[in-house]
Every structure is written in C-alpha cells, then in structure tokens.
Amino acid sequence: MKTLSSGRKRLFRNAITYGIVIAAFVILQVLNAGGLLSPSLQGQLVPICAYVTMAIALNLVVGISGELSLGHAGFMSVGAFSGVVVSLSLQQAIPSGPVRLAVAMLVGAVCAGIAGFIVGVPVLRLRGDYLAIVTLAFGEIIKNIINILYVGIDGNGLHFSTQNEAALALGEGGKAILKGPMGVTTNAKLSSFTAGFILVLIALTVVLNLINSRSGRAIMALRDNRIAAESVGIGATKYKLLAFVTSAVLAGAAGALYAMNYSSLAAKKFDFNTSILILVFVVLGGLGNIRGSIIAAALLYVLPEMLRDFYDFRMLIYAIVLILVMLLTNSPFFQDLRSQLQSKLRDRAVAKADAKGGSGHE
C-alpha cells in the first residue's frame, strides 16, 4: 500500500509539471492568435523554450547528479553551430523546413552528446570541483575554436579552414556558412514555438523517466553518499556519465533550436555568462526540482522585457527580484507552507481517484 501511494504521489507531481507546460503553451498560443502578445514577447517564445530545456538539462547534472557544471553553454554552442551547418548544407536535399529543423536538432544533440562523453569520461572519475573547472574551460575552448573556424559548402562538399574565408577555396556556387568571429550571418530561421514546446516535453519525459528509473536512483544514491553507493556495487563513473551525457544531448538540441531562431549568430553568445544564467535558473528554481527550474527559467527570462517600461531601473528591480526569490525559497516558513499546500492538493487528488473506483488497491 505504501509503495502504491508513493507511485501515485510521483505521478501526481509529474502530471502537474506536464500540465503547467501544456497550459502555458495553450494560453500563449491563444494570446498570440488574438494579437495580445507584443512583438518582442513573440520573439522570445522560442528562446524561452530553449532556456527551459537548458534548465531541465542542467538540473539533471547539478540537482540530481550533484555535480557542478559551468560549461553547459559550450554544449549549447556545439549543438547550435553543428545544427546550423547541417541545416544550411541540406537546404537543397531537404526543402521542408520543419524536417530540416528536426534533423538539425538531432545532429546538434548527437554532437553535443559526443562532446559531453569526451569531457565526462576523464573528469567524472575525479571528485570535488574538478568538473566545474574543466567544464568552464571546455566552454571557453569551444567558443575560441568557433571564433577561428571557417566552414563553407560547394558542389564538392564541406570545406574547413582556420585562416580566413578565402582559404576555404570554394568552387562555383559555393557559400561560406561559418565565418570565424562573425559566426553565421545567413541562417535560415526555421524554429517555431511549437517545435520548442515539443522539445520541452521531450526533455521533461527523458529526465523524469531517468530520475524515476533504477539508474536515476543510483545517480541520486551517488549524490547523497558516494562511498556508501560504491560499497554496494554502484559504478560512480557509469551513472554520473549517463546523467552528464544525457544533459549534454538535451543542451545540444536546445542550442540548435535557439540558433535556428536567428538569421545571424556568433560564438560570443555562448560564453561564461550564459552558463551562469542557466545555473541561476536552476538554483532559483530549486536543485533537483525540475518543475521549479521550468518556472524560474521562463519567468526570469521574460522579466527584463516586462520591466522595459522601467528601463533605467530594470536591472536593479531584476536583482531585487532574484534576492527576494532566493530568500523566499530558503525560508522555512514558506517551505512549510508550500509543503502543506502540496500535501493537501495531493491528498485531495488521491481521495478523488479512490472515490471514482479504487479497484487498484492491493
């Protein structure tokens, strides 16, 4: 009976999280169709989805796995530029925009996953803050590599150079895709709010299923007490690498979605500040709290835009809001109040389900 009750609580929590995401999508679609969203807010819908996905992905590493990563902007960058290169290279072969976007996101996710595996294998064997230091360095290395990288395409395929655009030696009809520090200047804008919504749902499904699986319990056991977990045969590197690579894959897909929303994009967009911004979303939403990360990422991303009427003071107000949220989320009084509300809602839902037909009690 106790196990069944725990399962119901988990399903109830997950249903609320999915419900919030779906309700937000429907409401924003209705408002957008009615012309009630400002043009600037319309333009932020896709980036919000990308950052929500990033927050979910980073929470898997920081909140669930217990490792501090400061280089997730690097994985986002790998997914973004690999996705753009694939998208522009397949313009003739795949004329359909949504299909090309899906392929670009898939390739971006795979490339970021490979990068996550390469970084994670040596680093996750270590303990302490080494992961934070190495991932920070990884993000900066990726940014500098893209800043010197030139990629073009012609009838003979892709050309690469680290010198300049002329060194690509493109044939007739060829075009440069990635232009070093200028980045991408002729991108095709394929991203849509619907694609972003689907990506958020996929990220939610992957992470929530992983957390509630046997592997997820092993990951959390390693987080809580690595020595005790290893003493019962749980391989630390294997499970931490699973969480890290999964997070990198989702970050790569989010990066491709983000990149395909702009006609131009430079590597400096994915610097250390972007990694810190995503970490702020995760910390304010609550470590290990996927639903909180989603809400924090969406609200904090649009907050500067909502404060545009107070342009001179908006960053001051933004900082005050961050401090208040931090104080409230760490206040014992509000934590107890939130727990009581959640308990009441959960008990009410369980009682309603039992009243409809509790034939599943065994």
# chains A, B, ... in the order shown; residues from 1 in each chain; ligands from 1

call {"tool": "select_by_dssp", "arguments": {"residues": "region 72-312 of chain A", "states": "strand (DSSP E)", "output": "list in words"}}
result
Tyr150, Val151, Gly152, Ile153, Asp154, Gly157, Leu158, His159, Phe160, Ser161, Lys175, Ala176, Ile177, Leu178 and Lys179 of chain A

call {"tool": "residues_around", "arguments": {"residues": "Cys49 (chain A)", "least_positions_apart": "3", "cutoff": "12 Å", "atoms": "only C-alpha atoms", "output": "JSON, numbers by chain"}}
result
{"A": [21, 24, 25, 43, 44, 45, 46, 52, 53, 54, 55, 56, 191, 192, 193, 194, 195, 196, 197, 198, 199, 200, 201, 202, 203, 204, 250, 251, 253, 254, 255, 256, 257, 258, 261, 294, 295, 297, 298, 299, 301, 302]}

call {"tool": "closest_atom_pairs", "arguments": {"of": "region 71-110 of chain A", "to": "region 118-134 of chain A", "cutoff": "12 Å", "atoms": "only C-alpha atoms", "output": "CSV"}}
result
residue,atom,partner,partner_atom,distance
A:Gly71,CA,A:Ala132,CA,7.6
A:His72,CA,A:Ala132,CA,10.3
A:Gly74,CA,A:Val119,CA,11.1
A:Phe75,CA,A:Val119,CA,10.5

call {"tool": "select_by_dssp", "arguments": {"residues": "region 90-250 of chain A", "states": "helix (DSSP H, G or I)", "output": "NGL selection string"}}
result
:A and (97-123 or 130-148 or 166-168 or 180-182 or 193-211 or 214-224 or 226-231 or 236-250)

call {"tool": "closest_residue", "arguments": {"among": "A:Ile219, A:Ile142, A:Leu28, A:Ile317", "to": "Phe244 (chain A)", "atoms": "only C-alpha atoms"}}
result
A:Ile219

call {"tool": "closest_atom_pairs", "arguments": {"of": "region 229-285 of chain A", "to": "region 321-334 of chain A", "cutoff": "10 Å", "atoms": "only C-alpha atoms", "output": "Markdown table"}}
result
| residue | atom | partner | partner_atom | distance |
| --- | --- | --- | --- | --- |
| A:Val280 | CA | A:Leu322 | CA | 9.0 |
| A:Phe281 | CA | A:Leu322 | CA | 10.0 |
| A:Val283 | CA | A:Met326 | CA | 8.5 |
| A:Leu284 | CA | A:Met326 | CA | 6.1 |
| A:Gly285 | CA | A:Thr329 | CA | 8.4 |

call {"tool": "closest_residue", "arguments": {"among": "A:Ser293, A:Ser40, A:Gln91, A:Ser247", "to": "Ile153 (chain A)", "atoms": "only C-alpha atoms"}}
result
A:Gln91

call {"tool": "residues_around", "arguments": {"residues": "Gly113 (chain A)", "least_positions_apart": "6", "cutoff": "7 Å", "atoms": "only C-alpha atoms", "output": "ChimeraX atom specification"}}
result
/A:245,248-249

call {"tool": "write_last_selection", "arguments": {"atoms": "C-alpha atoms", "output": "PDB file, in the first residue's frame"}}
result
ATOM      1  CA  VAL A 245      25.823  12.884 -21.451  1.00  0.00           C
ATOM      2  CA  ALA A 248      24.668  17.429 -22.905  1.00  0.00           C
ATOM      3  CA  VAL A 249      22.389  15.847 -25.539  1.00  0.00           C
TER       4      VAL A 249
END

call {"tool": "residues_around", "arguments": {"residues": "Glu140 (chain A)", "least_positions_apart": "2", "cutoff": "10 Å", "atoms": "only C-alpha atoms", "output": "list in words"}}
result
Gly71, Ala73, Gly74, Val134, Thr135, Leu136, Ala137, Phe138, Ile142, Lys143, Asn144, Ile145, Ala267, Lys268, Phe270, Asp271 and Phe272 of chain A

call {"tool": "residues_around", "arguments": {"residues": "region 237-243 of chain A", "least_positions_apart": "6", "cutoff": "9 Å", "atoms": "only C-alpha atoms", "output": "list in words"}}
result
Leu60, Val61, Ile64, Ser65, Glu67, Gly116, Phe117, Gly120, Val121, Leu124, Arg125, Val207, Leu210, Ser215, Gly216, Ala218, Ile219 and Leu222 of chain A
